[in-house]
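Structure data follow from start02.txt (compact mmCIF, C-alpha atoms):
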```txt
# COMPACT_ATOMS: atom_id res chain seq x y z
CA MET Y 1069 6.31 -10.33 -30.08
CA THR Y 1070 7.89 -11.47 -26.83
CA ALA Y 1071 10.40 -10.24 -24.32
CA PRO Y 1072 13.11 -12.09 -22.43
CA ARG Y 1073 12.34 -13.80 -19.18
CA SER Y 1074 13.60 -10.87 -17.08
CA ALA Y 1075 11.00 -8.55 -18.59
CA VAL Y 1076 8.05 -10.89 -18.57
CA GLY Y 1077 8.69 -12.78 -15.37
CA THR Y 1078 7.69 -16.25 -16.63
CA ASP Y 1079 8.33 -18.53 -19.56
CA VAL Y 1080 6.15 -17.16 -22.37
CA THR Y 1081 5.51 -20.65 -23.74
CA THR Y 1082 3.33 -21.44 -20.71
CA ALA Y 1083 1.22 -18.26 -20.90
CA PRO Y 1084 -2.52 -18.29 -21.69
CA ALA Y 1085 -3.79 -16.75 -24.92
CA LEU Y 1086 -4.37 -13.48 -23.05
CA ARG Y 1087 -1.84 -12.45 -20.41
CA LEU Y 1088 -3.83 -10.46 -17.87
CA SER Y 1089 -2.59 -8.64 -14.77
CA VAL Y 1090 -4.09 -6.40 -12.08
CA LEU Y 1091 -3.33 -2.91 -10.81
CA ASP Y 1092 -5.21 -2.07 -7.61
CA ARG Y 1093 -5.13 1.46 -6.21
CA SER Y 1094 -6.59 0.61 -2.80
CA ARG Y 1095 -9.67 2.75 -3.44
CA THR Y 1096 -11.57 3.83 -0.36
CA ARG Y 1097 -15.36 3.79 -0.09
CA ARG Y 1098 -17.37 6.60 1.45
CA GLY Y 1099 -17.38 6.34 5.24
CA GLU Y 1100 -14.67 3.68 5.26
CA GLU Y 1101 -11.31 3.85 7.00
CA PRO Y 1102 -8.24 3.62 4.72
CA ALA Y 1103 -7.09 0.55 6.67
CA GLN Y 1104 -10.01 -1.43 5.26
CA ALA Y 1105 -9.04 -0.55 1.70
CA LEU Y 1106 -5.49 -1.76 2.34
CA ARG Y 1107 -6.67 -5.03 3.84
CA ASP Y 1108 -8.99 -5.49 0.88
CA THR Y 1109 -6.08 -4.98 -1.51
CA VAL Y 1110 -4.21 -7.85 0.09
CA ALA Y 1111 -7.31 -10.07 -0.02
CA PHE Y 1112 -7.85 -9.07 -3.66
CA ALA Y 1113 -4.30 -10.19 -4.50
CA VAL Y 1114 -4.95 -13.62 -3.00
CA GLU Y 1115 -8.05 -13.96 -5.19
CA ALA Y 1116 -6.22 -12.68 -8.29
CA GLU Y 1117 -3.57 -15.34 -7.78
CA ARG Y 1118 -6.24 -18.03 -7.49
CA LEU Y 1119 -7.85 -16.81 -10.72
CA GLY Y 1120 -4.61 -17.05 -12.69
CA TYR Y 1121 -3.71 -13.39 -13.17
CA HIS Y 1122 -0.03 -12.86 -14.02
CA ARG Y 1123 0.87 -9.86 -11.86
CA PHE Y 1124 -0.63 -7.84 -9.03
CA TRP Y 1125 0.58 -4.26 -8.78
CA VAL Y 1126 -0.17 -1.46 -6.33
CA SER Y 1127 0.06 2.30 -6.83
CA GLU Y 1128 1.42 5.46 -5.23
CA HIS Y 1129 -0.82 8.42 -4.35
CA HIS Y 1130 -0.20 11.10 -1.73
CA GLY Y 1131 -2.84 13.12 0.08
CA VAL Y 1132 -5.72 11.68 -1.97
CA PRO Y 1133 -8.97 11.07 0.01
CA GLY Y 1134 -10.10 8.29 -2.32
CA VAL Y 1135 -6.88 6.27 -2.36
CA ALA Y 1136 -5.24 4.55 0.62
CA GLY Y 1137 -2.14 3.33 -1.21
CA SER Y 1138 0.57 5.89 -0.46
CA ALA Y 1139 3.55 3.59 0.13
CA PRO Y 1140 3.61 1.02 -2.69
CA THR Y 1141 6.73 -0.90 -1.71
CA VAL Y 1142 5.38 -1.37 1.82
CA LEU Y 1143 2.03 -2.57 0.48
CA ALA Y 1144 3.76 -4.80 -2.08
CA ALA Y 1145 5.55 -6.54 0.78
CA ALA Y 1146 2.22 -7.34 2.43
CA VAL Y 1147 0.80 -8.61 -0.87
CA ALA Y 1148 3.82 -10.78 -1.58
CA ALA Y 1149 3.72 -12.25 1.93
CA ALA Y 1150 0.06 -13.22 1.48
CA THR Y 1151 0.59 -14.88 -1.92
CA SER Y 1152 2.98 -17.49 -3.26
CA ARG Y 1153 3.05 -17.48 -7.10
CA ILE Y 1154 1.71 -14.27 -8.61
CA ARG Y 1155 4.24 -11.60 -9.50
CA VAL Y 1156 4.00 -8.52 -7.26
CA GLY Y 1157 5.04 -4.99 -8.02
CA THR Y 1158 4.24 -1.33 -8.33
CA GLY Y 1159 2.22 0.56 -10.88
CA GLY Y 1160 4.13 2.48 -9.99
CA VAL Y 1161 6.65 4.12 -7.74
CA MET Y 1162 6.75 7.77 -8.84
CA LEU Y 1163 10.49 8.20 -9.13
CA PRO Y 1164 10.56 12.05 -9.05
CA ASN Y 1165 9.18 11.84 -5.49
CA HIS Y 1166 12.13 9.79 -4.21
CA GLN Y 1167 15.89 9.41 -4.14
CA PRO Y 1168 16.87 6.60 -6.55
CA LEU Y 1169 19.16 4.99 -3.98
CA VAL Y 1170 16.28 4.59 -1.52
CA VAL Y 1171 14.04 3.12 -4.22
CA ALA Y 1172 16.77 0.65 -5.17
CA GLU Y 1173 17.19 -0.39 -1.56
CA GLN Y 1174 13.45 -0.89 -1.11
CA PHE Y 1175 13.14 -3.10 -4.17
CA GLY Y 1176 16.30 -4.88 -3.17
CA VAL Y 1177 14.70 -5.84 0.13
CA LEU Y 1178 11.53 -7.00 -1.66
CA ALA Y 1179 13.48 -9.06 -4.18
CA ALA Y 1180 15.64 -10.59 -1.46
CA LEU Y 1181 12.57 -11.62 0.55
CA PHE Y 1182 10.51 -12.80 -2.44
CA PRO Y 1183 13.03 -13.88 -5.11
CA GLY Y 1184 11.79 -14.13 -8.68
CA ARG Y 1185 8.42 -12.46 -7.98
CA ILE Y 1186 9.04 -8.71 -7.74
CA ASP Y 1187 8.44 -6.13 -10.50
CA MET Y 1188 9.60 -2.53 -10.40
CA GLY Y 1189 7.03 -0.36 -12.20
CA LEU Y 1190 8.22 3.27 -12.35
CA GLY Y 1191 6.41 6.50 -13.23
CA ARG Y 1192 7.34 10.16 -13.67
CA SER Y 1193 4.45 11.91 -11.89
CA VAL Y 1194 4.94 14.24 -8.94
CA GLY Y 1195 2.47 15.18 -6.20
CA PHE Y 1196 -1.03 16.04 -7.41
CA THR Y 1197 -1.24 19.40 -5.60
CA ASP Y 1198 1.17 22.16 -4.64
CA GLY Y 1199 0.73 21.23 -0.98
CA VAL Y 1200 1.67 17.61 -1.55
CA ARG Y 1201 4.68 18.60 -3.63
CA ARG Y 1202 5.88 20.94 -0.89
CA ALA Y 1203 5.44 18.19 1.69
CA LEU Y 1204 7.49 15.85 -0.49
CA GLY Y 1205 10.14 18.51 -1.05
CA ARG Y 1206 9.57 18.46 -4.82
CA GLU Y 1207 8.56 20.92 -7.52
CA LYS Y 1208 6.56 20.37 -10.70
CA ASP Y 1209 9.72 20.31 -12.83
CA ALA Y 1210 11.06 17.32 -10.87
CA ALA Y 1211 9.44 15.10 -13.50
CA ASP Y 1212 11.72 16.61 -16.15
CA ARG Y 1213 14.65 14.68 -14.64
CA PHE Y 1214 12.93 11.32 -14.91
CA PRO Y 1215 15.30 9.85 -17.56
CA GLU Y 1216 18.34 10.68 -15.44
CA GLN Y 1217 16.67 9.39 -12.27
CA LEU Y 1218 15.75 6.18 -14.04
CA ALA Y 1219 19.31 5.63 -15.25
CA GLU Y 1220 20.66 6.27 -11.76
CA LEU Y 1221 18.16 3.86 -10.19
CA LEU Y 1222 19.05 1.06 -12.60
CA SER Y 1223 22.76 1.65 -12.02
CA TRP Y 1224 22.39 0.80 -8.33
CA PHE Y 1225 21.56 -2.79 -9.31
CA ASP Y 1226 24.76 -3.11 -11.37
CA PRO Y 1227 27.63 -4.68 -9.38
CA ALA Y 1228 30.13 -2.88 -11.63
CA ALA Y 1229 28.70 0.55 -10.87
CA ARG Y 1230 29.64 2.66 -7.88
CA GLY Y 1231 27.84 5.56 -6.30
CA PRO Y 1232 29.51 8.69 -4.93
CA GLY Y 1233 32.16 7.79 -2.38
CA GLY Y 1234 31.95 4.11 -3.32
CA VAL Y 1235 28.41 3.67 -1.96
CA HIS Y 1236 26.66 0.35 -2.65
CA ALA Y 1237 22.90 -0.20 -2.72
CA ARG Y 1238 22.45 -3.25 -0.54
CA PRO Y 1239 20.77 -5.67 -0.93
CA ALA Y 1240 19.80 -4.46 -4.42
CA GLU Y 1241 23.25 -4.71 -5.98
CA GLY Y 1242 23.46 -7.72 -8.28
CA LEU Y 1243 19.76 -8.58 -8.10
CA ASP Y 1244 17.63 -8.92 -11.24
CA VAL Y 1245 14.46 -6.91 -10.62
CA PRO Y 1246 12.46 -6.38 -13.85
CA ALA Y 1247 11.80 -2.68 -14.46
CA PHE Y 1248 8.84 -1.20 -16.37
CA VAL Y 1249 8.20 2.39 -17.41
CA LEU Y 1250 4.67 3.77 -16.93
CA ALA Y 1251 4.21 6.31 -19.66
CA THR Y 1252 1.90 8.37 -21.82
CA GLY Y 1253 2.95 10.18 -24.97
CA ALA Y 1254 6.60 11.26 -24.82
CA GLY Y 1255 7.22 8.94 -21.85
CA ALA Y 1256 7.21 6.06 -24.32
CA ASP Y 1257 10.46 7.48 -25.71
CA VAL Y 1258 12.05 7.15 -22.27
CA ALA Y 1259 11.13 3.45 -22.13
CA ALA Y 1260 12.46 2.94 -25.66
CA GLY Y 1261 15.75 4.71 -24.95
CA ALA Y 1262 16.27 2.76 -21.71
CA GLY Y 1263 15.42 -0.55 -23.34
CA LEU Y 1264 12.62 -1.30 -20.88
CA PRO Y 1265 9.05 -2.66 -21.14
CA LEU Y 1266 6.36 -0.02 -21.61
CA VAL Y 1267 3.11 0.27 -19.64
CA ILE Y 1268 0.64 2.62 -21.31
CA ALA Y 1269 -3.04 3.55 -21.15
CA ALA Y 1270 -5.35 5.23 -23.65
CA ALA Y 1271 -5.61 8.37 -21.52
CA ARG Y 1272 -5.71 10.51 -24.67
CA GLY Y 1273 -7.59 8.00 -26.79
CA GLU Y 1274 -6.61 4.76 -28.50
CA GLU Y 1275 -5.21 6.48 -31.57
CA ALA Y 1276 -2.74 8.52 -29.51
CA MET Y 1277 -1.83 5.43 -27.49
CA GLN Y 1278 -1.16 3.45 -30.66
CA ALA Y 1279 1.05 6.21 -32.02
CA ALA Y 1280 3.10 6.15 -28.82
CA ILE Y 1281 3.38 2.35 -28.96
CA ASP Y 1282 4.53 2.46 -32.59
CA ARG Y 1283 7.12 5.09 -31.73
CA TYR Y 1284 8.30 3.00 -28.77
CA ARG Y 1285 8.80 -0.06 -30.94
CA ALA Y 1286 10.57 1.92 -33.66
CA ARG Y 1287 12.98 3.58 -31.23
CA PHE Y 1288 13.55 0.68 -28.84
CA ARG Y 1289 17.18 0.05 -27.94
CA PRO Y 1290 17.87 -3.51 -26.76
CA SER Y 1291 19.34 -3.59 -23.27
CA ALA Y 1292 20.55 -6.09 -20.71
CA ARG Y 1293 17.05 -5.93 -19.20
CA ALA Y 1294 15.02 -6.45 -22.38
CA GLU Y 1295 16.17 -7.63 -25.79
CA ARG Y 1296 12.90 -6.70 -27.50
CA PRO Y 1297 10.02 -4.27 -27.00
CA TYR Y 1298 7.38 -5.40 -24.54
CA VAL Y 1299 4.08 -3.54 -24.31
CA VAL Y 1300 1.59 -3.65 -21.44
CA VAL Y 1301 -1.66 -1.83 -22.20
CA SER Y 1302 -3.64 -0.82 -19.12
CA GLY Y 1303 -7.28 0.07 -18.73
CA THR Y 1304 -10.69 -0.73 -17.30
CA VAL Y 1305 -12.68 -3.85 -18.19
CA ALA Y 1306 -16.01 -4.21 -16.37
CA VAL Y 1307 -17.72 -7.62 -16.63
CA ALA Y 1308 -21.13 -8.72 -15.39
CA PRO Y 1309 -23.89 -11.17 -16.42
CA THR Y 1310 -25.62 -8.36 -18.36
CA GLU Y 1311 -24.39 -5.41 -20.43
CA GLU Y 1312 -26.41 -3.01 -18.28
CA ARG Y 1313 -24.89 -4.20 -15.03
CA ALA Y 1314 -21.39 -4.14 -16.49
CA ARG Y 1315 -21.85 -0.50 -17.52
CA ALA Y 1316 -23.16 0.30 -14.04
CA LEU Y 1317 -19.89 -0.94 -12.53
CA LEU Y 1318 -18.15 2.00 -14.22
CA VAL Y 1319 -20.32 4.63 -12.51
CA PRO Y 1320 -18.58 5.06 -9.09
CA GLU Y 1321 -15.11 5.50 -10.57
CA ALA Y 1322 -16.45 7.75 -13.32
CA TRP Y 1323 -18.02 10.09 -10.77
CA SER Y 1324 -14.87 10.16 -8.63
CA THR Y 1325 -12.83 11.04 -11.73
CA ALA Y 1326 -15.35 13.73 -12.71
CA HIS Y 1327 -15.19 15.15 -9.19
CA SER Y 1328 -11.40 15.36 -9.38
CA ARG Y 1329 -11.61 17.24 -12.68
CA THR Y 1330 -14.20 19.71 -11.44
CA HIS Y 1331 -13.23 20.09 -7.76
CA GLY Y 1332 -9.54 19.10 -7.67
CA GLU Y 1333 -10.10 16.20 -5.29
CA PHE Y 1334 -10.29 12.48 -6.08
CA SER Y 1335 -13.12 11.43 -3.76
CA PRO Y 1336 -13.96 8.03 -2.19
CA LEU Y 1337 -16.23 5.76 -4.20
CA GLU Y 1338 -20.00 6.02 -3.75
CA PRO Y 1339 -22.85 3.55 -4.54
CA VAL Y 1340 -24.06 3.40 -8.15
CA ASP Y 1341 -27.66 4.37 -7.38
CA GLU Y 1342 -26.62 7.41 -5.36
CA VAL Y 1343 -24.31 8.66 -8.08
CA LEU Y 1344 -26.99 8.28 -10.75
CA ALA Y 1345 -29.51 10.14 -8.57
CA ARG Y 1346 -27.07 12.95 -7.79
CA PRO Y 1347 -27.85 16.40 -9.23
CA MET Y 1348 -24.86 17.51 -11.30
CA THR Y 1349 -23.88 20.86 -12.70
CA PRO Y 1350 -23.44 20.97 -16.48
CA ARG Y 1351 -19.67 20.89 -16.01
CA GLU Y 1352 -19.88 17.90 -13.67
CA ARG Y 1353 -22.27 16.09 -16.02
CA THR Y 1354 -19.94 16.57 -18.97
CA ALA Y 1355 -16.93 15.32 -17.00
CA PHE Y 1356 -18.94 12.36 -15.69
CA GLU Y 1357 -20.11 11.28 -19.15
CA GLN Y 1358 -16.60 11.66 -20.54
CA SER Y 1359 -15.29 9.48 -17.72
CA LEU Y 1360 -17.69 6.70 -18.70
CA ASP Y 1361 -16.23 6.52 -22.21
CA GLY Y 1362 -13.21 4.59 -23.44
CA HIS Y 1363 -13.65 1.49 -21.29
CA LEU Y 1364 -14.55 -2.11 -22.10
CA ALA Y 1365 -17.76 -3.30 -20.46
CA GLY Y 1366 -20.09 -6.19 -21.14
CA THR Y 1367 -20.89 -9.84 -20.59
CA PRO Y 1368 -17.94 -12.23 -20.13
CA GLU Y 1369 -17.93 -13.36 -23.75
CA ARG Y 1370 -18.29 -9.83 -25.10
CA ALA Y 1371 -15.66 -8.35 -22.80
CA ALA Y 1372 -13.14 -11.10 -23.54
CA ALA Y 1373 -13.71 -10.71 -27.28
CA ASP Y 1374 -13.37 -6.92 -27.13
CA LEU Y 1375 -10.22 -7.24 -25.06
CA ALA Y 1376 -8.70 -9.77 -27.47
CA ALA Y 1377 -9.50 -7.40 -30.35
CA LEU Y 1378 -7.78 -4.52 -28.54
CA MET Y 1379 -4.72 -6.67 -27.94
CA GLU Y 1380 -4.68 -7.61 -31.60
CA ARG Y 1381 -4.98 -3.98 -32.75
CA THR Y 1382 -2.21 -2.76 -30.49
CA GLY Y 1383 0.00 -5.84 -30.68
CA ALA Y 1384 0.30 -5.65 -26.89
CA ASP Y 1385 1.92 -8.48 -24.98
CA GLU Y 1386 -0.11 -8.03 -21.80
CA PHE Y 1387 -3.13 -6.17 -20.42
CA LEU Y 1388 -3.12 -4.58 -16.96
CA LEU Y 1389 -6.63 -4.23 -15.55
CA THR Y 1390 -7.32 -1.15 -13.43
CA THR Y 1391 -11.03 -1.71 -12.80
CA SER Y 1392 -12.57 -0.45 -9.56
CA THR Y 1393 -16.13 0.02 -8.34
CA TYR Y 1394 -18.01 0.62 -5.09
CA ASP Y 1395 -19.32 -2.90 -4.50
CA ARG Y 1396 -16.37 -5.16 -3.76
CA ALA Y 1397 -18.31 -8.37 -4.34
CA GLU Y 1398 -19.25 -7.18 -7.82
CA LEU Y 1399 -15.66 -6.14 -8.43
CA LEU Y 1400 -14.34 -9.60 -7.61
CA THR Y 1401 -17.09 -11.16 -9.72
CA SER Y 1402 -16.02 -8.97 -12.65
CA TYR Y 1403 -12.43 -10.18 -12.39
CA ARG Y 1404 -13.55 -13.79 -11.98
CA LEU Y 1405 -15.87 -13.73 -14.99
CA LEU Y 1406 -13.15 -12.24 -17.16
CA ALA Y 1407 -10.58 -14.76 -15.97
CA GLU Y 1408 -12.93 -17.61 -16.81
CA ALA Y 1409 -13.85 -16.20 -20.22
CA ALA Y 1410 -10.17 -15.58 -21.06
CA GLY Y 1411 -9.15 -19.09 -20.05
CA LEU Y 1412 -6.99 -18.13 -17.09
CA VAL Y 1413 -8.71 -20.74 -14.88
```
Same coordinates, now as structure tokens:
Amino acid sequence: MTAPRSAVGTDVTTAPALRLSVLDRSRTRRGEEPAQALRDTVAFAVEAERLGYHRFWVSEHHGVPGVAGSAPTVLAAAVAAATSRIRVGTGGVMLPNHQPLVVAEQFGVLAALFPGRIDMGLGRSVGFTDGVRRALGREKDAADRFPEQLAELLSWFDPAARGPGGVHARPAEGLDVPAFVLATGAGADVAAGAGLPLVIAAARGEEAMQAAIDRYRARFRPSARAERPYVVVSGTVAVAPTEERARALLVPEAWSTAHSRTHGEFSPLEPVDEVLARPMTPRERTAFEQSLDGHLAGTPERAAADLAALMERTGADEFLLTTSTYDRAELLTSYRLLAEAAGLV
């Protein structure tokens, strides 16, 4: 199953057996300034390009201590300026937080500066806390208008469309910027109805993800942006010379996730040994162990084989890696080992 060039971004006949991409959330480490995490994201993109990854996306989080990436289109500009071939985009811009016209203008600037390399990944989440939502001028129900916001955003790129009072979105108008919908569950129906590629993770388990993918394919309406369904599955793949070390790479992110579920705050990453030695309440321990499940981890050969099997089961066209860990050298090694095992380099 393939999608037209506008959805994929390159000629599918030249793609490796596994099309792999990267989503980096600019995770901060304990005691580190956010600026370092942002600089490391840009350096990571340069390495991902060298290793043959297809895309490099950045994310949007507001008021989160463990994430420095709050302005994805700004960060995407820095990433695109530091690279030359890899596609660059967002995973994603949370559309309910913004006016569609402004989002169109921002991506129009990116696409004008870096033609043929920019992706527009769009999500429906709003601020994580009441305080953030108030600061953004949004309420929880803002996400309910996502389909309408998406349609409005896409219309700004159409030269035949006109905004209120004859407004034009310049320089976006007339530019071809591939759009993707980040979704879970019912969000897959939005992607299908809009005729856009779907990006989905197994947040509720692989079975629920597969059901959403099947529904997306069944309800997909061909559009000017995508003639066929295109599925990007996202998730964590930790790779190391040994199974034990690969599993250890999951520990810092698992604890940060557990902390967010038990304390309402997504904390900076901490070293593996310190997390494992940390006393945890029963509730924290349960959340931590749950956060370690559902990921792929192992030696290069094992991880690549497990990933290929997942792609086969889901029929996905592409996999978007979201792996993060405390030790940056080990993180880069993980991505390198996977790229080599998957034949990207």
### Message
Using all atoms listed in the file, which protein or nucleic acid residues come within 6 Å of stretch 1324-1326 of chain Y? Drop anything in the same chain fewer than 4 positions from it, and give the result as a PyMOL selection string.
### Response
chain Y and resi 1334-1335+1355-1356
### Query
Leaving out Y:Arg1285 and any residue of its chain fewer than 2 positions from it, which residues lie within 10 Å of it when counting all atoms listed in the file, given as a list of chain:residue names?
Y:Ala1256, Y:Asp1257, Y:Ala1259, Y:Ala1260, Y:Leu1266, Y:Ala1280, Y:Ile1281, Y:Asp1282, Y:Arg1283, Y:Arg1287, Y:Phe1288, Y:Arg1289, Y:Arg1296, Y:Pro1297, Y:Tyr1298, Y:Val1299
### Query
Neighbours of Y:Val1142 within 10 Å (only C-alpha atoms; same-chain residues fewer than 3 positions away dropped), as a list in words?
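The filter keeps Val1126, Gly1137, Ser1138, Ala1139, Ala1145, Ala1146, Val1147, Gln1174, Phe1175 and Leu1178 of chain Y.
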### Task
Work out how far apart atom CA of Y:Glu1333 and atom CA of Y:Thr1096 are and give it in Å to one decimal.
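Separation of atom CA of Y:Glu1333 and atom CA of Y:Thr1096: 13.4 Å.
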Tell me which protein, DNA and RNA residues are within 12 Å of Y:His1166, counting all atoms listed in the file, leaving out same-chain ones fewer than 4 positions away, and put them as a PDB file with C-alpha atoms, keeping the file's coordinate frame.
```
ATOM      1  CA  GLU Y1128       1.420   5.460  -5.230  1.00  0.00           C
ATOM      2  CA  ALA Y1139       3.550   3.590   0.130  1.00  0.00           C
ATOM      3  CA  VAL Y1161       6.650   4.120  -7.740  1.00  0.00           C
ATOM      4  CA  MET Y1162       6.750   7.770  -8.840  1.00  0.00           C
ATOM      5  CA  VAL Y1170      16.280   4.590  -1.520  1.00  0.00           C
ATOM      6  CA  VAL Y1171      14.040   3.120  -4.220  1.00  0.00           C
ATOM      7  CA  ALA Y1172      16.770   0.650  -5.170  1.00  0.00           C
ATOM      8  CA  GLU Y1173      17.190  -0.390  -1.560  1.00  0.00           C
ATOM      9  CA  GLN Y1174      13.450  -0.890  -1.110  1.00  0.00           C
ATOM     10  CA  LEU Y1190       8.220   3.270 -12.350  1.00  0.00           C
ATOM     11  CA  GLY Y1191       6.410   6.500 -13.230  1.00  0.00           C
ATOM     12  CA  ARG Y1192       7.340  10.160 -13.670  1.00  0.00           C
ATOM     13  CA  SER Y1193       4.450  11.910 -11.890  1.00  0.00           C
ATOM     14  CA  VAL Y1194       4.940  14.240  -8.940  1.00  0.00           C
ATOM     15  CA  GLY Y1195       2.470  15.180  -6.200  1.00  0.00           C
ATOM     16  CA  ARG Y1201       4.680  18.600  -3.630  1.00  0.00           C
ATOM     17  CA  LEU Y1204       7.490  15.850  -0.490  1.00  0.00           C
ATOM     18  CA  GLY Y1205      10.140  18.510  -1.050  1.00  0.00           C
ATOM     19  CA  ARG Y1206       9.570  18.460  -4.820  1.00  0.00           C
ATOM     20  CA  ALA Y1210      11.060  17.320 -10.870  1.00  0.00           C
ATOM     21  CA  ALA Y1211       9.440  15.100 -13.500  1.00  0.00           C
ATOM     22  CA  ARG Y1213      14.650  14.680 -14.640  1.00  0.00           C
ATOM     23  CA  PHE Y1214      12.930  11.320 -14.910  1.00  0.00           C
ATOM     24  CA  GLN Y1217      16.670   9.390 -12.270  1.00  0.00           C
ATOM     25  CA  LEU Y1218      15.750   6.180 -14.040  1.00  0.00           C
ATOM     26  CA  GLU Y1220      20.660   6.270 -11.760  1.00  0.00           C
ATOM     27  CA  LEU Y1221      18.160   3.860 -10.190  1.00  0.00           C
TER      28      LEU Y1221
END
```
### Task
Go through Y:Glu1312, Y:Glu1101, Y:Asp1361, Y:Glu1369 one by one, measure the shortest atom-to-atom distance of each to Y:Arg1272 using only C-alpha atoms, and give the residue with the smallest value.
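Closest to Y:Arg1272 of all the choices is Y:Asp1361.
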### d(atom CA of Y:Gly1176, atom CA of Y:Ala1228) in Å
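Value for the atom CA of Y:Gly1176-atom CA of Y:Ala1228 distance: 16.3 Å.
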#### Entry: Close residues, Y:Leu1243 itself excluded, 9 Å, all atoms listed in the file, min 4 positions apart in chain, as a list in words
Gly1176, Ala1179, Ala1180, Phe1225, Asp1226, Pro1227 and Pro1239 of chain Y
### Query
Which one is closest to Y:Val1132: Y:Arg1095, Y:Thr1354, Y:Ile1154, Y:Val1305? Count all atoms listed in the file.
Y:Arg1095
### Message
With distances taken over all atoms listed in the file, which residue among Y:Gly1253, Y:Gly1366, Y:Gly1134, Y:Pro1290 lies nearest Y:Glu1275?
### Response
Y:Gly1253
### Query
Using only C-alpha atoms, which of Y:His1327, Y:Lys1208, Y:Arg1093, Y:Arg1346 sits nearest Y:Asn1165?
Y:Lys1208
### Message
So, with all atoms listed in the file as the atoms that count, which of Y:Glu1216, Y:Glu1342, Y:Glu1274, Y:Glu1241 lies closest to Y:Val1258?
### Response
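Closest candidate: Y:Glu1216.
The two atoms in question, atom CA of Y:Trp1125 and atom CA of Y:Ala1111, are spaced 13.1 Å apart.
The shortest atom-to-atom distance to Y:Ala1376, with all atoms listed in the file taken into account, belongs to Y:Ala1410 out of Y:Leu1119, Y:Met1348, Y:Leu1360, Y:Ala1410.
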